Structures are given as C-alpha cells and as structure tokens.
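What follows is the content of target_33.txt (compact mmCIF, C-alpha atoms).
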```
# COMPACT_ATOMS: atom_id res chain seq x y z
CA MET L 1 0.00 0.00 0.00
CA ALA L 2 2.84 2.41 0.88
CA ASN L 3 4.65 1.65 -2.41
CA ALA L 4 1.45 2.19 -4.37
CA SER L 5 0.83 5.52 -2.66
CA LYS L 6 4.45 6.54 -3.32
CA ASN L 7 4.15 5.59 -6.99
CA GLN L 8 0.94 7.61 -7.28
CA SER L 9 2.63 10.67 -5.75
CA ILE L 10 5.58 10.39 -8.15
CA GLY L 11 3.16 9.97 -11.04
CA ALA L 12 1.22 13.08 -10.01
CA ILE L 13 4.45 15.09 -9.76
CA VAL L 14 5.56 13.93 -13.20
CA LYS L 15 2.18 14.83 -14.70
CA GLY L 16 2.30 18.25 -13.05
CA LEU L 17 5.79 18.93 -14.42
CA LEU L 18 4.70 17.84 -17.91
CA ALA L 19 1.67 20.11 -17.73
CA LEU L 20 3.84 23.03 -16.58
CA ALA L 21 6.30 22.39 -19.40
CA GLY L 22 3.41 22.40 -21.86
CA VAL L 23 2.11 25.72 -20.57
CA VAL L 24 5.59 27.27 -20.77
CA PHE L 25 6.06 25.97 -24.31
CA ILE L 26 2.71 27.39 -25.44
CA GLY L 27 3.52 30.73 -23.79
CA VAL L 28 6.92 30.94 -25.51
CA GLU L 29 5.38 30.09 -28.88
CA ALA L 30 2.66 32.72 -28.42
CA VAL L 31 5.20 35.43 -27.56
CA SER L 32 7.37 34.39 -30.47
CA PHE L 33 4.38 34.57 -32.83
CA LEU L 34 3.47 38.06 -31.64
CA VAL L 35 7.05 39.28 -32.00
CA ARG L 36 7.35 37.87 -35.53
CA ASN L 37 4.01 39.14 -36.82
CA VAL L 38 3.23 42.29 -34.85
CA GLY L 39 6.87 43.41 -34.84
CA ALA L 40 7.09 42.98 -38.60
CA ALA L 41 3.85 44.90 -39.12
CA LEU L 42 5.06 47.78 -36.96
CA PHE L 43 8.40 47.86 -38.76
CA THR L 44 6.65 47.97 -42.14
CA PHE L 45 4.34 50.74 -40.89
CA PHE L 46 7.13 52.98 -39.61
CA ASP L 47 9.29 52.19 -42.63
CA GLY L 48 6.42 53.32 -44.82
CA LEU L 49 6.09 56.54 -42.83
CA SER L 50 9.70 57.41 -43.55
CA SER L 51 8.96 57.49 -47.27
CA LEU L 52 5.94 59.77 -46.95
CA ASP L 53 5.95 63.50 -47.20
CA ALA L 54 6.57 65.24 -43.86
CA ALA L 55 3.25 67.09 -44.08
CA ILE L 56 1.37 63.79 -44.48
CA VAL L 57 3.21 62.25 -41.53
CA VAL L 58 2.39 65.27 -39.35
CA ALA L 59 -1.25 65.07 -40.43
CA LEU L 60 -1.40 61.36 -39.57
CA ILE L 61 0.17 61.91 -36.16
CA THR L 62 -2.13 64.86 -35.45
CA GLY L 63 -5.16 62.80 -36.44
CA CYS L 64 -4.11 59.92 -34.20
CA VAL L 65 -3.52 62.27 -31.28
CA SER L 66 -6.93 63.89 -31.85
CA ILE L 67 -8.67 60.53 -31.92
CA LEU L 68 -6.91 59.39 -28.75
CA THR L 69 -7.77 62.69 -27.04
CA VAL L 70 -11.46 62.41 -27.96
CA VAL L 71 -11.70 58.75 -26.97
CA GLY L 72 -9.72 59.29 -23.76
CA GLY L 73 -11.81 62.34 -22.85
CA ALA L 74 -15.03 60.41 -23.43
CA ILE L 75 -13.84 57.56 -21.20
CA ILE L 76 -12.76 59.93 -18.42
CA ASN L 77 -16.07 61.84 -18.63
CA ASN L 78 -18.04 58.60 -18.37
CA VAL L 79 -16.01 57.48 -15.36
CA LEU L 80 -16.44 60.84 -13.60
CA LYS L 81 -20.14 60.91 -14.44
CA SER L 82 -20.63 57.41 -13.06
CA LYS L 83 -18.76 58.34 -9.87
CA HIS L 84 -20.82 61.52 -9.45
CA GLU L 85 -24.10 59.65 -9.96
CA ARG L 86 -23.06 57.04 -7.39
CA GLU L 87 -22.15 59.73 -4.84
CA GLU L 88 -25.47 61.53 -5.41
CA TYR L 89 -27.37 58.26 -5.03
CA LEU L 90 -25.63 57.52 -1.72
CA ARG L 91 -26.09 61.09 -0.44
CA LYS L 92 -29.80 60.93 -1.18
CA HIS L 93 -30.24 57.73 0.85
CA ARG L 94 -27.91 58.81 3.66
CA GLU L 95 -29.73 62.07 4.30
CA GLU L 96 -32.55 60.59 6.39
CA PRO L 97 -30.52 58.41 8.80
CA TYR L 98 -27.77 61.03 9.14
CA THR L 99 -30.32 63.72 9.95
CA GLN L 100 -31.87 61.35 12.45
CA LEU L 101 -28.59 61.13 14.39
CA VAL L 102 -28.36 64.92 14.51
CA ARG L 103 -31.87 64.97 16.02
CA ILE L 104 -30.85 62.37 18.62
CA PHE L 105 -27.81 64.43 19.56
CA TYR L 106 -29.83 67.62 20.00
CA LYS L 107 -32.45 65.76 22.01
CA MET L 108 -29.71 64.65 24.38
CA LEU L 109 -28.37 68.20 24.68
CA ARG L 110 -31.81 69.72 25.21
CA ALA L 111 -32.63 67.18 27.91
CA THR L 112 -29.33 67.91 29.66
CA LYS L 113 -29.67 71.71 29.47
CA LYS L 114 -33.33 71.97 30.45
CA GLY L 115 -33.44 69.08 32.86
CA GLN L 116 -35.99 67.32 30.67
CA GLU L 117 -36.21 63.58 30.42
CA TYR L 118 -34.93 61.73 27.36
CA SER L 119 -35.79 58.25 28.57
CA GLN L 120 -33.54 55.28 27.91
CA GLU L 121 -36.41 53.60 26.08
CA SER L 122 -36.92 56.53 23.70
CA MET L 123 -33.17 56.88 23.15
CA LEU L 124 -32.85 53.16 22.46
CA ASP L 125 -35.71 53.27 19.93
CA ASP L 126 -34.20 56.29 18.17
CA MET L 127 -30.73 54.74 18.05
CA MET L 128 -32.02 51.40 16.78
CA SER L 129 -33.83 53.24 14.00
CA PHE L 130 -30.64 55.15 13.16
CA ASN L 131 -28.59 51.93 13.24
CA GLN L 132 -30.86 50.39 10.62
CA GLY L 133 -30.25 53.24 8.19
CA LEU L 134 -26.55 53.35 9.01
CA THR L 135 -26.18 49.62 8.41
CA LEU L 136 -27.55 49.93 4.90
CA TRP L 137 -26.30 53.33 3.74
CA GLY L 138 -23.54 54.49 6.09
CA SER L 139 -19.97 54.73 4.87
CA SER L 140 -17.41 52.39 6.42
CA LYS L 141 -15.76 55.37 8.17
CA ALA L 142 -19.08 56.57 9.60
CA ILE L 143 -19.85 53.10 10.96
CA LYS L 144 -16.42 52.86 12.60
CA LYS L 145 -16.70 56.33 14.18
CA TRP L 146 -20.16 55.47 15.50
CA ASP L 147 -18.89 52.17 16.95
CA GLU L 148 -16.04 54.05 18.67
CA TRP L 149 -18.50 56.52 20.21
CA ARG L 150 -20.78 53.73 21.47
CA ALA L 151 -17.78 52.00 23.04
CA LEU L 152 -16.82 55.29 24.67
CA ARG L 153 -20.36 55.75 25.99
CA GLY L 154 -20.29 52.27 27.49
CA LYS L 155 -17.30 53.06 29.71
CA THR L 156 -17.90 53.55 33.42
CA PRO L 157 -17.58 56.29 34.34
CA ALA L 158 -17.90 58.01 30.98
CA ASP L 159 -16.23 61.41 30.67
CA PRO L 160 -18.88 63.89 29.38
CA TYR L 161 -16.29 65.90 27.47
CA ASP L 162 -14.98 62.77 25.78
CA LEU L 163 -18.55 61.87 24.84
CA LEU L 164 -19.16 65.33 23.36
CA HIS L 165 -15.96 65.29 21.34
CA GLY L 166 -16.61 61.71 20.26
CA MET L 167 -20.04 62.64 18.99
CA GLU L 168 -18.57 65.66 17.23
CA ILE L 169 -16.14 63.34 15.41
CA VAL L 170 -19.11 61.25 14.26
CA LEU L 171 -21.02 64.31 13.04
CA ILE L 172 -17.99 65.65 11.16
CA GLN L 173 -17.65 62.28 9.41
CA LEU L 174 -21.34 62.39 8.44
CA ARG L 175 -20.78 65.86 6.98
CA LYS L 176 -17.85 64.50 4.96
CA ASP L 177 -20.07 61.72 3.59
CA MET L 178 -22.56 64.37 2.50
CA GLY L 179 -19.89 66.34 0.62
CA GLU L 180 -18.64 68.82 3.26
CA LYS L 181 -15.13 67.47 3.56
CA ARG L 182 -13.05 70.32 5.00
CA GLY L 183 -13.02 73.39 7.19
CA LEU L 184 -13.95 72.10 10.67
CA LYS L 185 -11.69 71.32 13.59
CA GLN L 186 -12.37 70.02 17.09
CA GLY L 187 -14.85 72.18 18.93
CA ASP L 188 -16.32 74.03 15.94
CA LEU L 189 -19.60 72.08 16.02
CA LEU L 190 -19.77 72.03 19.82
CA LYS L 191 -19.56 75.83 19.91
CA LEU L 192 -22.96 75.94 18.19
CA PHE L 193 -24.64 75.01 21.47
CA ILE L 194 -21.94 75.46 24.12
CA ASN L 195 -21.47 79.22 24.48
CA ASP L 196 -18.53 79.01 26.89
CA TYR L 197 -16.84 76.08 25.11
CA ASP L 198 -13.29 77.50 25.21
CA GLU L 199 -13.57 78.39 28.89
CA ALA L 200 -15.05 74.99 29.73
CA MET L 201 -12.18 73.26 27.94
CA ARG L 202 -9.59 75.30 29.84
CA LYS L 203 -11.20 74.36 33.14
CA ASN L 204 -11.33 70.68 32.16
CA LYS L 205 -7.56 70.52 31.48
```
Using structure tokens, write down the structure that the file contains.
Amino acid sequence: MANASKNQSIGAIVKGLLALAGVVFIGVEAVSFLVRNVGAALFTFFDGLSSLDAAIVVALITGCVSILTVVGGAIINNVLKSKHEREEYLRKHREEPYTQLVRIFYKMLRATKKGQEYSQESMLDDMMSFNQGLTLWGSSKAIKKWDEWRALRGKTPADPYDLLHGMEIVLIQLRKDMGEKRGLKQGDLLKLFINDYDEAMRKNK
C-alpha cells in the first residue's frame, strides 16, 4: 500500500511537471508569434512613414492624437459621471438616517440643558432606527466612528467631554459623507450650542 501511494505521488508530480512544461512551451510560442508578426507589421508601418511627405506624416500623427484625445476624454467623462451619480445616489439615501442622528444628539443636549427627560427607552428606539439606516447606507468610516462613540459611551464612568468630542467626530464624518469634507476642527460644532466652550475646555484641562 505504501509503495502504491508513493508511486501515485511520483506519477502526479511527473504529470504536473509535464503540464507546466506544456504551458511554458505554449507561452513561448505565443510570444514568439506576436514578435514575428506584430513586430514585422510595426516595422513595415514605420518604414512606410519614412517614405511619406513630412506634411502627411504630421497630419497622420495629429489625427491619431486627436482621436486618442477624444476617446480618452469620453472615457474619463463617463467614469467621472458614473462616480458623481453614485455619490449623489448615496447622499440621497444617507440624508434621512444622518439627519436622524443629529436629532438624537440635539435631544440629548436639550434634555441635559433643560433638565428634561430623554428616557432610555426613547433613546434606544431612536438609536435602533438610526442603526438600521446606518447599516444599509452608512460609509465604512461613519460606521467605525459610530462604533467608537458607542464603546466610549459604554465606559464607566464616561467622561462627558470625551462623549461630546466623540459625537462631534461622528457628526464631522457624516458631513464628509454628504460632501462637506473640509473646514472644521475640534470644537467648531460644539460651539454651536456650548457658548462658553473654550472656557469649559480650559477648566477641564
């Protein structure tokens, strides 16, 4: 049994080497064929150009360049158009869940400032609804930022300033997904509803 298994292994190796040799041979022949035929055609073409009038050669080159420019421009335009349409499609579907998170954030702030109740049950329902939209339409970066904030919120005790800045990072990422990619730094969004933000940050250091 051992000898039979050994013979089968040797036979499989030999077959594999023969198959590899066949593939290499076919590849070499294909390259050789291309060099012989395509190379000869190119040589004949350029040799023919040398016998033409300079004006005709310039006209041919200009025509080729024009054709390549038109074709290349059309391809680039189609790619850019497709990318733009995809971004618009995603922005349209992200608007509702992203706006929903902004509402949740402001509900939390209003409840904190005015001493109103934003019950755990209501918050959980709102966040579950947001999670559904985020799961389907959120960018990978937005999902990661949101996961980081939720992990931060789950810490005991949770630092309120860390939570605020963490949420701000999430909101800035949502703005980037909607096309507003630059111009904001840490604290810019928080200053919209924290009048003494700079002073509060100095005291927290």
Query raised in the report: Which residues come within 7 Å of Trp146 (chain L), counting all atoms listed in the file, excluding same-chain residues fewer than 4 positions away, as a count of residues only?
Result: 3
Query raised in the report: From the set L:Val28, L:Leu136, L:Leu171, L:Cys64, which residue has the shortest atom-to-atom contact distance to Leu190 (chain L), counting only C-alpha atoms?
Result: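 Of L:Val28, L:Leu136, L:Leu171, L:Cys64, the one nearest Leu190 (chain L) is L:Leu171, counting only C-alpha atoms.
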Report task. Mind checking which residues fall within 12 Å of Ala151 (chain L), counting all atoms listed in the file, ignoring those fewer than 6 positions away in the same chain, and posting them as number ranges by chain? Result -> L: 144-145, 158, 162-163, 166-167
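Here CA of Leu174 (chain L) and CA of Arg86 (chain L) stand 16.8 Å from one another.
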Query - Residue nearest Phe105 (chain L) among L:Glu168, L:Glu148, L:Asp125, L:Asp198 (counting all atoms listed in the file) - result: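 Smallest separation from Phe105 (chain L) among the options: L:Glu168.
Put simply, CA of His165 (chain L) is 14.2 Å away from CA of Val102 (chain L).
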**Report entry** Nearest residue to Leu164 (chain L) from the set L:Leu184, L:Met201, L:Met128, L:Val65 (distances using all atoms listed in the file)
**Finding:**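 Among L:Leu184, L:Met201, L:Met128, L:Val65, it is L:Met201 that comes nearest to Leu164 (chain L).
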Query raised in the report: Separation of CA of Lys113 (chain L) and CA of Glu199 (chain L), in Å?
Result: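 Computed distance, CA of Lys113 (chain L) to CA of Glu199 (chain L), equals 17.4 Å.
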Requested in this report: Would you mind listing what lies within 10 Å of region 176-180 of chain L as a list of chain:residue names, with all atoms listed in the file counted and same-chain residues fewer than 2 positions away left out?
Outcome: L:Glu87, L:Glu88, L:Leu90, L:Arg91, L:Lys92, L:Arg94, L:Glu95, L:Tyr98, L:Gly138, L:Ser139, L:Lys141, L:Ala142, L:Val170, L:Leu171, L:Ile172, L:Gln173, L:Leu174, L:Arg182, L:Gly183, L:Leu184
Please give the centre and size of the box around region 106-113 of chain L (axis-aligned, containing every atom listed in the file, 5 Å added per side), with values in Å to one decimal and written as AutoDock Vina command-line options.
```
--center_x -30.5 --center_y 68.2 --center_z 24.8 --size_x 14.3 --size_y 17.1 --size_z 19.7
```
Query raised in the report: Pick from L:Tyr161, L:Pro97, L:Ala21, L:Val71: nearest to Ala200 (chain L), with all atoms listed in the file counted?
Result: L:Tyr161
Report task. Would you list the contacts of Leu109 (chain L) as a PyMOL selection string, taking every protein, DNA or RNA residue within 10 Å and counting all atoms listed in the file, but skipping same-chain residues closer than 5 positions in sequence? Result -> chain L and resi 103-104+114-116+118+164+193-194
